[in-house]
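Novice: Input file: target_5.cif. Contents: mmCIF, C-alpha atoms.
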```cif
data_work
#
loop_
_atom_site.label_atom_id
_atom_site.label_comp_id
_atom_site.auth_asym_id
_atom_site.auth_seq_id
_atom_site.Cartn_x
_atom_site.Cartn_y
_atom_site.Cartn_z
CA MET A 937 -52.46 -5.49 -22.38
CA LEU A 938 -50.87 -2.83 -20.26
CA GLU A 939 -49.71 -5.43 -17.77
CA ILE A 940 -48.04 -7.52 -20.51
CA ARG A 941 -46.29 -4.42 -21.78
CA GLY A 942 -45.24 -3.64 -18.22
CA ILE A 943 -43.80 -7.12 -17.70
CA SER A 944 -41.93 -7.11 -21.02
CA SER A 945 -40.45 -3.66 -20.37
CA SER A 946 -39.40 -4.76 -16.86
CA ARG A 947 -37.68 -7.83 -18.38
CA ARG A 948 -35.97 -5.63 -20.93
CA TRP A 949 -34.79 -3.35 -18.12
CA HIS A 950 -33.64 -6.38 -16.13
CA LYS A 951 -31.65 -7.63 -19.12
CA LYS A 952 -30.22 -4.15 -19.59
CA LYS A 953 -29.24 -4.09 -15.91
CA ILE A 954 -27.34 -7.37 -16.27
CA TRP A 955 -25.45 -5.98 -19.26
CA ILE A 956 -24.62 -2.84 -17.27
CA PHE A 957 -23.27 -5.04 -14.45
CA ILE A 958 -21.22 -7.13 -16.90
CA GLY A 959 -19.92 -3.89 -18.44
CA ILE A 960 -18.90 -2.53 -15.02
CA PHE A 961 -17.30 -5.86 -14.14
CA LEU A 962 -15.28 -5.96 -17.38
CA PHE A 963 -14.21 -2.35 -16.86
CA LEU A 964 -13.04 -3.18 -13.32
CA VAL A 965 -11.16 -6.23 -14.58
CA PHE A 966 -9.46 -3.90 -17.07
CA VAL A 967 -8.63 -1.52 -14.18
CA ARG A 968 -7.22 -4.47 -12.20
CA ILE A 969 -5.10 -5.69 -15.11
CA SER A 970 -3.79 -2.20 -15.84
CA LYS A 971 -2.89 -1.91 -12.12
CA GLY A 972 -5.19 1.08 -11.63
CA SER A 973 -3.29 3.39 -14.00
CA LEU A 974 -6.46 5.37 -14.73
CA TYR A 975 -7.11 5.93 -11.03
CA LYS A 976 -3.52 6.86 -10.31
CA ASP A 977 -3.45 9.36 -13.18
CA PHE A 978 -6.77 10.80 -11.99
CA PHE A 979 -5.30 11.05 -8.48
CA TYR A 980 -2.23 12.80 -9.97
CA PHE A 981 -4.43 15.61 -11.28
CA ILE A 982 -6.65 16.06 -8.24
CA SER A 983 -3.76 15.99 -5.76
CA LYS A 984 -1.64 18.46 -7.79
CA PRO A 985 -2.55 21.54 -5.68
CA PHE A 986 -1.44 19.74 -2.49
CA TRP A 987 2.02 18.65 -3.59
CA PRO A 988 4.88 19.58 -1.24
CA GLY A 989 6.32 23.04 -1.82
CA GLN A 990 9.83 24.16 -2.73
CA PHE A 991 10.81 25.09 0.87
CA GLN A 992 11.19 21.37 1.59
CA LYS A 993 14.29 21.42 -0.60
CA GLU A 994 16.34 23.27 2.06
CA VAL A 995 15.64 20.59 4.67
CA ILE A 996 16.40 17.89 2.17
CA LEU A 997 19.68 19.48 1.05
CA LYS A 998 21.00 19.42 4.65
CA SER A 999 20.13 15.74 4.98
CA LEU A 1000 21.66 15.10 1.57
CA ASP A 1001 24.99 16.59 2.76
CA GLN A 1002 25.09 14.13 5.64
CA GLU A 1003 24.14 11.29 3.37
CA SER A 1004 26.82 12.32 0.86
CA LEU A 1005 29.53 12.22 3.55
CA ILE A 1006 28.64 8.65 4.53
CA GLU A 1007 28.34 7.66 0.90
CA LEU A 1008 31.69 9.25 0.04
CA ASN A 1009 33.41 7.33 2.80
CA LEU A 1010 31.86 4.10 1.59
CA LEU A 1011 32.80 4.79 -2.02
CA LYS A 1012 36.43 5.48 -1.09
CA LYS A 1013 36.67 2.18 0.73
CA ASP A 1014 34.93 0.36 -2.07
CA ASN A 1015 37.14 1.96 -4.68
CA MET A 1016 40.30 0.93 -2.84
CA ARG A 1017 39.00 -2.61 -2.51
CA LEU A 1018 38.08 -2.81 -6.15
CA ARG A 1019 41.42 -1.37 -7.26
CA GLU A 1020 43.03 -4.20 -5.41
CA ILE A 1021 41.07 -6.85 -7.23
CA LEU A 1022 39.09 -5.86 -10.32
CA SER A 1023 36.56 -3.21 -11.28
CA LEU A 1024 33.21 -5.05 -11.45
CA GLN A 1025 30.44 -2.47 -11.77
CA LYS A 1026 29.99 1.13 -12.78
CA SER A 1027 27.32 3.55 -11.68
CA SER A 1028 26.66 7.14 -12.68
CA ASN A 1029 24.53 9.82 -11.03
CA ASN A 1030 23.90 11.89 -14.14
CA ASN A 1031 20.45 10.52 -14.88
CA ASN A 1032 18.69 11.07 -11.56
CA ILE A 1033 15.09 12.23 -11.58
CA SER A 1034 13.66 14.30 -8.72
CA ALA A 1035 10.09 13.42 -7.84
CA ALA A 1036 7.52 14.47 -5.23
CA VAL A 1037 5.58 11.98 -3.13
CA ILE A 1038 1.86 12.34 -3.95
CA SER A 1039 0.51 9.36 -2.01
CA ARG A 1040 2.04 7.65 0.96
CA LYS A 1041 1.03 4.35 2.53
CA THR A 1042 3.69 3.72 5.13
CA GLY A 1043 1.72 1.94 7.85
CA GLY A 1044 -0.46 -1.14 7.94
CA TRP A 1045 -0.41 -3.82 5.26
CA TRP A 1046 0.53 -1.75 2.26
CA ARG A 1047 3.89 -0.04 2.31
CA GLN A 1048 4.25 1.98 -0.85
CA ILE A 1049 4.58 5.54 -2.11
CA ILE A 1050 3.34 7.03 -5.36
CA LEU A 1051 5.54 9.60 -7.12
CA ASN A 1052 4.59 12.33 -9.57
CA LYS A 1053 6.96 11.11 -12.27
CA GLY A 1054 6.02 8.34 -14.62
CA LEU A 1055 6.50 6.89 -18.06
CA LYS A 1056 6.56 10.32 -19.72
CA ASP A 1057 9.56 11.31 -17.57
CA GLY A 1058 11.48 8.18 -18.43
CA VAL A 1059 11.00 6.26 -15.18
CA GLU A 1060 11.44 2.52 -15.61
CA ILE A 1061 10.22 -0.44 -13.57
CA GLY A 1062 13.01 -1.57 -11.28
CA SER A 1063 14.58 1.90 -10.88
CA THR A 1064 16.06 2.56 -7.45
CA VAL A 1065 14.44 5.26 -5.30
CA THR A 1066 16.44 7.09 -2.65
CA GLY A 1067 15.53 9.84 -0.22
CA PRO A 1068 17.42 11.90 2.36
CA GLY A 1069 19.22 9.23 4.38
CA GLY A 1070 19.48 6.50 1.79
CA LEU A 1071 17.54 3.81 0.00
CA LEU A 1072 13.73 3.85 0.11
CA GLY A 1073 12.72 1.12 -2.31
CA ARG A 1074 12.29 0.20 -5.95
CA VAL A 1075 9.80 1.27 -8.60
CA ASN A 1076 7.36 -1.59 -9.03
CA ASP A 1077 4.69 -0.12 -11.27
CA ILE A 1078 4.40 2.88 -13.57
CA SER A 1079 1.58 4.75 -15.26
CA LEU A 1080 1.89 7.66 -17.68
CA PHE A 1081 2.22 10.30 -14.94
CA THR A 1082 2.99 8.32 -11.79
CA SER A 1083 5.23 5.59 -10.49
CA SER A 1084 4.58 3.34 -7.48
CA VAL A 1085 7.43 2.37 -5.22
CA THR A 1086 7.58 -0.72 -3.02
CA LEU A 1087 9.21 0.38 0.23
CA LEU A 1088 11.91 -1.67 1.96
CA THR A 1089 9.46 -2.35 4.80
CA SER A 1090 6.87 -4.02 2.52
CA PRO A 1091 6.51 -7.81 2.90
CA GLU A 1092 7.04 -7.96 -0.88
CA SER A 1093 10.52 -6.42 -0.67
CA LYS A 1094 13.52 -8.75 -0.72
CA LEU A 1095 16.96 -7.31 -1.49
CA GLY A 1096 20.58 -8.39 -1.36
CA VAL A 1097 22.56 -6.16 1.04
CA TRP A 1098 25.85 -6.31 2.83
CA VAL A 1099 27.27 -5.42 6.21
CA ASP A 1100 29.99 -2.86 5.55
CA ARG A 1101 32.33 -3.72 8.47
CA SER A 1102 32.58 -7.46 7.97
CA LYS A 1103 31.64 -7.50 4.26
CA ILE A 1104 29.07 -10.27 4.54
CA ASN A 1105 26.18 -10.52 2.12
CA GLY A 1106 22.66 -11.07 3.46
CA LEU A 1107 19.03 -10.90 2.45
CA MET A 1108 17.01 -7.94 3.68
CA VAL A 1109 13.25 -8.57 3.87
CA GLY A 1110 10.39 -6.26 4.74
CA THR A 1111 8.20 -7.51 7.56
CA GLY A 1112 5.27 -5.10 7.34
CA ASP A 1113 6.74 -3.18 10.27
CA ASP A 1114 8.69 0.12 10.34
CA HIS A 1115 11.92 -1.88 10.46
CA ALA A 1116 13.36 -4.32 7.97
CA SER A 1117 14.98 -7.64 8.86
CA LEU A 1118 18.36 -8.86 7.71
CA ILE A 1119 18.77 -12.61 7.33
CA LEU A 1120 22.31 -14.00 7.35
CA TYR A 1121 22.42 -17.63 6.32
CA SER A 1122 25.30 -18.52 8.61
CA LYS A 1123 25.31 -18.99 12.35
CA ASP A 1124 28.91 -17.69 12.56
CA ALA A 1125 28.32 -14.47 10.61
CA ASP A 1126 30.21 -11.54 12.14
CA ILE A 1127 27.60 -8.89 12.87
CA LYS A 1128 27.26 -6.43 15.76
CA VAL A 1129 24.72 -3.90 16.92
CA GLY A 1130 25.57 -0.58 15.24
CA ASP A 1131 26.97 -2.12 12.04
CA PHE A 1132 26.24 -0.17 8.90
CA VAL A 1133 24.23 -1.87 6.13
CA SER A 1134 24.42 -0.75 2.49
CA SER A 1135 23.43 -2.12 -0.88
CA SER A 1136 25.61 -4.99 -1.94
CA PRO A 1137 28.15 -4.53 -4.75
CA ALA A 1138 27.16 -8.04 -5.82
CA SER A 1139 23.45 -7.21 -6.12
CA SER A 1140 21.92 -7.36 -9.57
CA LEU A 1141 18.95 -5.20 -8.53
CA LEU A 1142 20.60 -2.16 -6.94
CA PRO A 1143 23.61 0.06 -7.59
CA PRO A 1144 26.35 -0.51 -5.00
CA ASN A 1145 26.96 1.41 -1.77
CA ILE A 1146 23.64 3.10 -1.21
CA PRO A 1147 23.22 3.61 2.54
CA ILE A 1148 20.32 1.57 3.91
CA GLY A 1149 20.39 1.30 7.69
CA ILE A 1150 22.03 0.38 10.96
CA VAL A 1151 21.78 -2.92 12.87
CA GLN A 1152 19.57 -2.30 15.90
CA SER A 1153 19.33 -5.76 17.45
CA ILE A 1154 20.39 -9.31 16.64
CA ASN A 1155 18.38 -12.49 17.09
CA GLU A 1156 20.49 -15.62 17.46
CA THR A 1157 17.83 -18.05 18.62
CA LEU A 1158 17.55 -19.80 15.26
CA GLN A 1159 19.78 -22.79 14.57
CA SER A 1160 20.94 -22.22 11.02
CA LYS A 1161 20.78 -18.47 10.55
CA LYS A 1162 21.05 -15.10 12.24
CA THR A 1163 18.46 -12.37 11.87
CA ALA A 1164 18.96 -8.71 12.65
CA LYS A 1165 16.53 -5.84 13.01
CA ILE A 1166 17.58 -2.93 10.80
CA LEU A 1167 16.84 0.70 11.60
CA LEU A 1168 16.35 2.32 8.21
CA LEU A 1169 18.11 5.65 7.57
CA ALA A 1170 15.57 7.07 5.11
CA ASN A 1171 12.23 7.70 6.75
CA PRO A 1172 9.36 7.41 4.25
CA HIS A 1173 6.84 8.82 6.78
CA VAL A 1174 8.16 12.37 6.34
CA ILE A 1175 10.02 12.47 3.03
CA ASP A 1176 8.30 14.60 0.41
CA TRP A 1177 10.97 14.62 -2.32
CA VAL A 1178 12.90 11.62 -3.60
CA GLN A 1179 15.44 10.77 -6.28
CA ILE A 1180 14.82 8.08 -8.87
CA LEU A 1181 18.14 6.63 -9.99
CA LYS A 1182 18.35 5.55 -13.57
CA VAL A 1183 21.43 3.40 -13.18
CA ASN A 1184 22.50 0.72 -15.59
CA ILE A 1185 23.77 -2.13 -13.50
CA MET B 824 -25.70 17.39 -12.57
CA ASN B 825 -26.67 18.17 -8.96
CA LYS B 826 -29.72 15.98 -9.33
CA PHE B 827 -27.57 13.13 -10.58
CA PHE B 828 -25.28 13.36 -7.57
CA THR B 829 -28.14 13.35 -5.05
CA LYS B 830 -30.00 10.54 -6.79
CA LYS B 831 -27.00 8.34 -7.43
CA PHE B 832 -25.17 9.23 -4.25
CA SER B 833 -24.40 5.62 -3.35
CA ILE B 834 -22.63 5.06 -6.67
CA THR B 835 -20.81 8.41 -6.74
CA SER B 836 -19.56 7.90 -3.19
CA PHE B 837 -18.14 4.53 -4.31
CA ILE B 838 -15.60 6.42 -6.47
CA PHE B 839 -14.19 8.21 -3.43
CA ILE B 840 -13.15 5.03 -1.61
CA PRO B 841 -10.02 4.38 -3.72
CA ILE B 842 -9.18 8.09 -3.50
CA ILE B 843 -9.29 8.14 0.31
CA PHE B 844 -7.43 4.80 0.27
CA LEU B 845 -4.63 6.47 -1.72
CA LEU B 846 -4.81 9.73 0.24
CA HIS B 847 -4.09 7.83 3.47
CA PRO B 848 -4.64 10.75 5.90
CA SER B 849 -1.98 10.06 8.54
CA TRP B 850 -3.62 12.26 11.21
CA ILE B 851 -6.45 9.71 11.48
CA GLY B 852 -4.07 6.77 11.86
CA PHE B 853 -3.06 4.86 14.97
CA LEU B 854 0.33 3.12 15.10
CA GLY B 855 0.66 4.09 11.44
CA VAL B 856 -2.43 2.06 10.56
CA GLN B 857 -5.58 3.48 8.94
CA PRO B 858 -9.20 2.40 9.40
CA TYR B 859 -10.31 -0.06 6.74
CA TRP B 860 -12.14 2.48 4.55
CA PRO B 861 -14.03 0.18 2.13
CA LEU B 862 -16.09 -1.33 4.97
CA PHE B 863 -17.61 2.06 5.83
CA TRP B 864 -19.23 2.13 2.39
CA LEU B 865 -19.87 -1.59 2.03
CA LEU B 866 -21.89 -1.94 5.26
CA PRO B 867 -24.65 0.60 4.46
CA TRP B 868 -24.70 -0.47 0.80
CA SER B 869 -25.13 -4.16 1.64
CA MET B 870 -27.71 -3.44 4.36
CA MET B 871 -29.78 -1.46 1.87
CA ASN B 872 -29.39 -3.74 -1.14
CA GLY B 873 -28.95 -7.26 0.22
CA SER B 874 -26.34 -10.00 0.23
CA ILE B 875 -25.94 -10.52 -3.53
CA ASN B 876 -25.40 -6.82 -4.17
CA GLY B 877 -23.03 -6.70 -1.23
CA LEU B 878 -21.07 -9.64 -2.62
CA VAL B 879 -20.86 -8.10 -6.11
CA PHE B 880 -19.74 -4.70 -4.84
CA GLY B 881 -17.33 -6.37 -2.43
CA LEU B 882 -15.75 -7.95 -5.51
CA PHE B 883 -15.71 -4.60 -7.34
CA LEU B 884 -14.10 -2.84 -4.39
CA GLY B 885 -11.54 -5.62 -4.04
CA LEU B 886 -10.64 -5.39 -7.73
CA ILE B 887 -10.08 -1.63 -7.55
CA LEU B 888 -8.17 -1.64 -4.27
CA ASP B 889 -5.98 -4.55 -5.38
CA SER B 890 -5.10 -2.62 -8.50
CA LEU B 891 -3.87 0.29 -6.36
CA THR B 892 -1.59 -1.76 -4.13
CA LEU B 893 1.67 -3.27 -5.28
CA ASP B 894 1.33 -6.57 -3.45
CA ASN B 895 0.65 -8.87 -6.38
CA ASN B 896 0.59 -12.02 -4.31
CA PHE B 897 -2.04 -10.96 -1.78
CA SER B 898 -5.63 -9.89 -2.41
CA GLN B 899 -8.33 -8.03 -0.50
CA ILE B 900 -11.09 -9.62 -2.60
CA PRO B 901 -11.87 -12.67 -0.37
CA GLY B 902 -12.36 -10.54 2.75
CA LEU B 903 -14.49 -7.91 1.00
CA ILE B 904 -16.68 -10.49 -0.77
CA PHE B 905 -17.30 -12.28 2.51
CA CYS B 906 -18.04 -9.02 4.36
CA GLY B 907 -20.36 -7.83 1.56
CA PHE B 908 -22.35 -11.05 1.73
CA LEU B 909 -22.44 -11.06 5.54
CA PHE B 910 -23.44 -7.39 5.84
CA GLY B 911 -26.34 -7.98 3.45
CA ARG B 912 -27.95 -10.35 5.94
CA ILE B 913 -28.01 -7.76 8.72
CA LYS B 914 -31.36 -6.10 9.45
CA PHE B 915 -31.88 -2.49 10.57
CA HIS B 916 -32.31 -1.96 14.29
CA SER B 917 -35.33 -0.04 15.54
CA ASP B 918 -33.37 1.79 18.26
CA ILE B 919 -31.19 4.43 16.57
CA LEU B 920 -28.62 4.58 19.38
CA VAL B 921 -28.16 0.79 19.54
CA GLY B 922 -27.98 0.79 15.74
CA HIS B 923 -25.14 3.34 15.87
CA PHE B 924 -22.95 1.18 18.09
CA ARG B 925 -23.92 -1.94 16.21
CA TYR B 926 -22.26 -0.46 13.10
CA GLY B 927 -19.05 -0.12 15.10
CA LEU B 928 -19.13 -3.73 16.21
CA ILE B 929 -20.04 -5.08 12.78
CA CYS B 930 -17.31 -3.06 11.04
CA SER B 931 -14.76 -4.13 13.67
CA PHE B 932 -15.68 -7.75 13.03
CA GLY B 933 -15.47 -7.19 9.25
CA SER B 934 -12.09 -5.52 9.59
CA PHE B 935 -10.85 -8.40 11.75
CA LEU B 936 -12.05 -10.86 9.12
CA CYS B 937 -10.41 -9.00 6.21
CA GLY B 938 -7.18 -8.48 8.19
CA THR B 939 -6.98 -12.13 9.19
CA LEU B 940 -7.56 -13.30 5.62
CA TYR B 941 -4.88 -10.90 4.37
CA LEU B 942 -2.36 -11.94 7.04
CA SER B 943 -2.99 -15.62 6.36
CA GLN B 944 -2.18 -14.98 2.68
CA ILE B 945 1.10 -13.25 3.67
CA LEU B 946 2.03 -16.06 6.05
CA PHE B 947 1.13 -18.73 3.52
CA ARG B 948 3.17 -16.99 0.81
CA ASN B 949 6.24 -16.64 3.09
CA PHE B 950 5.70 -19.99 4.77
CA SER B 951 9.24 -21.26 4.57
CA ASP B 952 11.64 -18.42 5.30
CA THR B 953 10.31 -15.28 6.98
CA ASN B 954 7.02 -16.45 8.44
CA PHE B 955 7.97 -15.76 12.05
CA LEU B 956 9.14 -12.21 11.27
CA MET B 957 5.79 -11.14 9.82
CA PHE B 958 3.43 -12.58 12.41
CA ILE B 959 3.75 -9.98 15.19
CA PRO B 960 3.59 -6.86 12.93
CA GLY B 961 0.60 -8.50 11.20
CA VAL B 962 -1.27 -9.01 14.47
CA LYS B 963 -0.45 -5.41 15.45
CA ASN B 964 -1.88 -4.21 12.12
CA ILE B 965 -5.08 -6.21 12.60
CA LEU B 966 -5.66 -4.95 16.15
CA ALA B 967 -5.02 -1.29 15.25
CA GLU B 968 -7.24 -1.57 12.17
CA VAL B 969 -10.06 -3.24 14.15
CA PHE B 970 -9.90 -0.51 16.79
CA LEU B 971 -9.93 2.38 14.31
CA THR B 972 -12.61 0.87 12.08
CA GLY B 973 -14.85 0.25 15.09
CA LEU B 974 -14.24 3.79 16.34
CA PHE B 975 -15.18 5.59 13.13
CA ALA B 976 -17.88 3.24 11.84
CA PRO B 977 -20.76 4.57 14.00
CA PHE B 978 -20.23 8.11 12.65
CA ILE B 979 -19.49 7.36 9.01
CA CYS B 980 -21.81 4.38 8.44
CA SER B 981 -24.89 5.99 9.96
CA GLN B 982 -24.30 9.18 7.95
CA LEU B 983 -23.82 7.23 4.75
CA LEU B 984 -26.88 5.08 5.46
CA ARG B 985 -28.98 8.21 5.99
CA MET B 986 -27.68 9.67 2.73
CA PHE B 987 -28.33 6.44 0.81
CA LYS B 988 -31.89 6.31 2.17
CA PHE B 989 -32.42 9.94 1.25
CA SER B 990 -31.15 9.45 -2.29
CA ARG B 991 -33.36 6.36 -2.68
CA LYS B 992 -36.41 8.33 -1.55
CA LYS B 993 -35.56 11.01 -4.10
CA LEU B 994 -35.29 8.34 -6.75
CA ARG B 995 -38.82 7.20 -6.02
#
```
Could you take the file, read its structure, and then write that structure out as structure tokens?

Specialist:
Amino acid sequence: MLEIRGISSSRRWHKKKIWIFIGIFLFLVFVRISKGSLYKDFFYFISKPFWPGQFQKEVILKSLDQESLIELNLLKKDNMRLREILSLQKSSNNNNISAAVISRKTGGWWRQIILNKGLKDGVEIGSTVTGPGGLLGRVNDISLFTSSVTLLTSPESKLGVWVDRSKINGLMVGTGDDHASLILYSKDADIKVGDFVSSSPASSLLPPNIPIGIVQSINETLQSKKTAKILLLANPHVIDWVQILKVNI
Amino acid sequence: MNKFFTKKFSITSFIFIPIIFLLHPSWIGFLGVQPYWPLFWLLPWSMMNGSINGLVFGLFLGLILDSLTLDNNFSQIPGLIFCGFLFGRIKFHSDILVGHFRYGLICSFGSFLCGTLYLSQILFRNFSDTNFLMFIPGVKNILAEVFLTGLFAPFICSQLLRMFKFSRKKLR
């Protein structure tokens, strides 16, 4: 009698165990679909005491001055060019959001940063993220308190950029390395080592004239296109504060 | 509460994997690459609980870690499922010292497997245009990850295995 009871209770427990497993599985599927918002928000709270301090701002302000000078120069040129033809796009810097980096994956397969500003602060998917030096990436996912940014070096990142000197448009792709690669779909494209690369005024994803990087080397071995290795100006390995640009393009 | 943590240590430690994955402590890294953290937990878990459990928790880990990364087109699930199943078939070694180094080799192999599966997804996805640009950084990532995972596995895995065994004894 006792044995029968034992067997039936073990079966009941076994059934219960299966339901627990199914429950965990469904919960994890929910986590997967919600892109880990719960985890990210949890991480937001536990990492709060370790966020970068205010003293970082001084270092950043110096870099920002340098960045502003380059940007100003670019904007002047762009303005003159546009006055000659037609004004195409407008951008404003009034709606920038400052955010701290709370998680950083800048090496290996995953190249992303998580910021401490999210849906409640008005961050939107697709917003541009810049740091001292220039463009870092775009917001790809948001939770209530955090936003995740795909860096320019991620294999998922593909952006339209242009070479400032010769005014050629090209596609900048992340290669999973610390550099990005610029692909120019013309064998005769005029590009030199040291050329400055910025966001394209024709891009529908980014505001124009955000500094991105400098051409470090050029590969001309391919028949139909040129590729160039780009040294990025903004270094996500060390940046602790970034700006999220809420620009209507 | 304390009792719960000691008894269910294997499950509670599972929660910390995504946190350390997000934390990404750069001082441990090599060439900007981190050890493949989930394998350190998956190996002792699968060795203790068998292939099926390893496979299921490989899937669970993959689901969580995929949700934390932004790469929608690539997944860590195939590698982790395969490793979970494979690790479950490994028996304990009687010699403690040999066992220690065995963890390093097994985790290195697992990391190589996961890295290769991930790289093949990236290459397959970008087959037409930028395939050649991603191959060399990908190989570099795999090699650095294999080295680091193999280096840390003997310390972390044997400690975790001891803790899992201890918590199981307590449970009995």

Novice: Near range 957-963 of chain B, within 9 Å and counting all atoms listed in the file, which residues show up once chain neighbours fewer than 6 positions away are dropped, as a count of residues only?

Specialist: 14

Novice: Using Å and a single decimal, report how far CA of Lys1161 in chain A sits from CA of Lys1123 in chain A.

Specialist: 4.9 Å

Novice: Using only C-alpha atoms for the distances, tell me which of A:Asn1009, A:Ser970, A:Ser1134, A:Gln1002 is nearest to chain B.

Specialist: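 Counting only C-alpha atoms, the residue closest to chain B is A:Ser970.
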
Novice: Counting all atoms listed in the file, figure out which residue out of B:Thr892, B:Gln944, B:Asn872, B:Thr835 gets nearest to chain A.

Specialist: B:Thr892

Novice: Name every residue that the PyMOL selection byres ((chain B) within 7 of (chain A)) selects in this structure, writing the answer as an mmCIF file with C-alpha atoms, in the frame of the given file with chains first and numbers rising.

Specialist:
```cif
data_model
loop_
_atom_site.group_PDB
_atom_site.id
_atom_site.type_symbol
_atom_site.label_atom_id
_atom_site.label_comp_id
_atom_site.auth_asym_id
_atom_site.auth_seq_id
_atom_site.Cartn_x
_atom_site.Cartn_y
_atom_site.Cartn_z
ATOM 1 C CA ILE B 842 -9.180 8.090 -3.500
ATOM 2 C CA LEU B 845 -4.630 6.470 -1.720
ATOM 3 C CA LEU B 846 -4.810 9.730 0.240
ATOM 4 C CA HIS B 847 -4.090 7.830 3.470
ATOM 5 C CA GLY B 855 0.660 4.090 11.440
ATOM 6 C CA VAL B 856 -2.430 2.060 10.560
ATOM 7 C CA GLN B 857 -5.580 3.480 8.940
ATOM 8 C CA PHE B 883 -15.710 -4.600 -7.340
ATOM 9 C CA LEU B 886 -10.640 -5.390 -7.730
ATOM 10 C CA ILE B 887 -10.080 -1.630 -7.550
ATOM 11 C CA ASP B 889 -5.980 -4.550 -5.380
ATOM 12 C CA SER B 890 -5.100 -2.620 -8.500
ATOM 13 C CA LEU B 891 -3.870 0.290 -6.360
ATOM 14 C CA THR B 892 -1.590 -1.760 -4.130
ATOM 15 C CA LEU B 893 1.670 -3.270 -5.280
ATOM 16 C CA ASP B 894 1.330 -6.570 -3.450
ATOM 17 C CA LEU B 956 9.140 -12.210 11.270
ATOM 18 C CA MET B 957 5.790 -11.140 9.820
ATOM 19 C CA PRO B 960 3.590 -6.860 12.930
ATOM 20 C CA GLY B 961 0.600 -8.500 11.200
ATOM 21 C CA ASN B 964 -1.880 -4.210 12.120
#
```

Novice: Which residue is closest to Leu936 in chain B? Choose from B:Pro848, B:Phe905, B:Ser898, B:Phe924 and count all atoms listed in the file.

Specialist: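 Of the candidates, the smallest distance to Leu936 in chain B is held by B:Phe905.
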
Novice: Quick one: pull the distance between CA of Val1178 in chain A and CA of Phe853 in chain B, Å, one decimal.

Specialist: 25.4 Å

Novice: When you draw a straight line from CA of Phe947 in chain B to CA of Met1108 in chain A, how long is it in Å?

Specialist: 19.2 Å

Novice: Within 6 Å of (12.5, 4.5, 4.0) (file coordinates; all atoms listed in the file), which protein or nucleic acid residues are there? I'd like them as a short mmCIF file (atom, residue, chain, number, x, y, z; two decimals) with C-alpha atoms, in the coordinates of the input.

Specialist:
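point17.cif, freshly written:
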```cif
data_model
loop_
_atom_site.label_atom_id
_atom_site.label_comp_id
_atom_site.auth_asym_id
_atom_site.auth_seq_id
_atom_site.Cartn_x
_atom_site.Cartn_y
_atom_site.Cartn_z
CA LEU A 1072 13.73 3.85 0.11
CA ALA A 1170 15.57 7.07 5.11
CA ASN A 1171 12.23 7.70 6.75
CA PRO A 1172 9.36 7.41 4.25
#
```

Novice: Please write the residues picked by the PyMOL selection byres ((chain B and resi 833) around 10) on this file as a VMD selection string.

Specialist: chain B and resid 828 to 832 834 to 838 864 867 to 868 983 to 984 986 to 988 990 to 991

Novice: Around (28.7, 6.3, 5.8), as given in the file, which residues come within 10 Å? Count all atoms listed in the file and list them as JSON, numbers by chain.

Specialist: {"A": [1002, 1003, 1004, 1005, 1006, 1007, 1008, 1009, 1010, 1011, 1100, 1132, 1133, 1134, 1145, 1146, 1147, 1148, 1149]}

Novice: Smallest atom-to-atom distance to Leu974 in chain B: which of B:Gly881, B:Gly902, B:Pro841, B:Pro858, using all atoms listed in the file?

Specialist: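 Of all the options, B:Pro858 lies closest to Leu974 in chain B.
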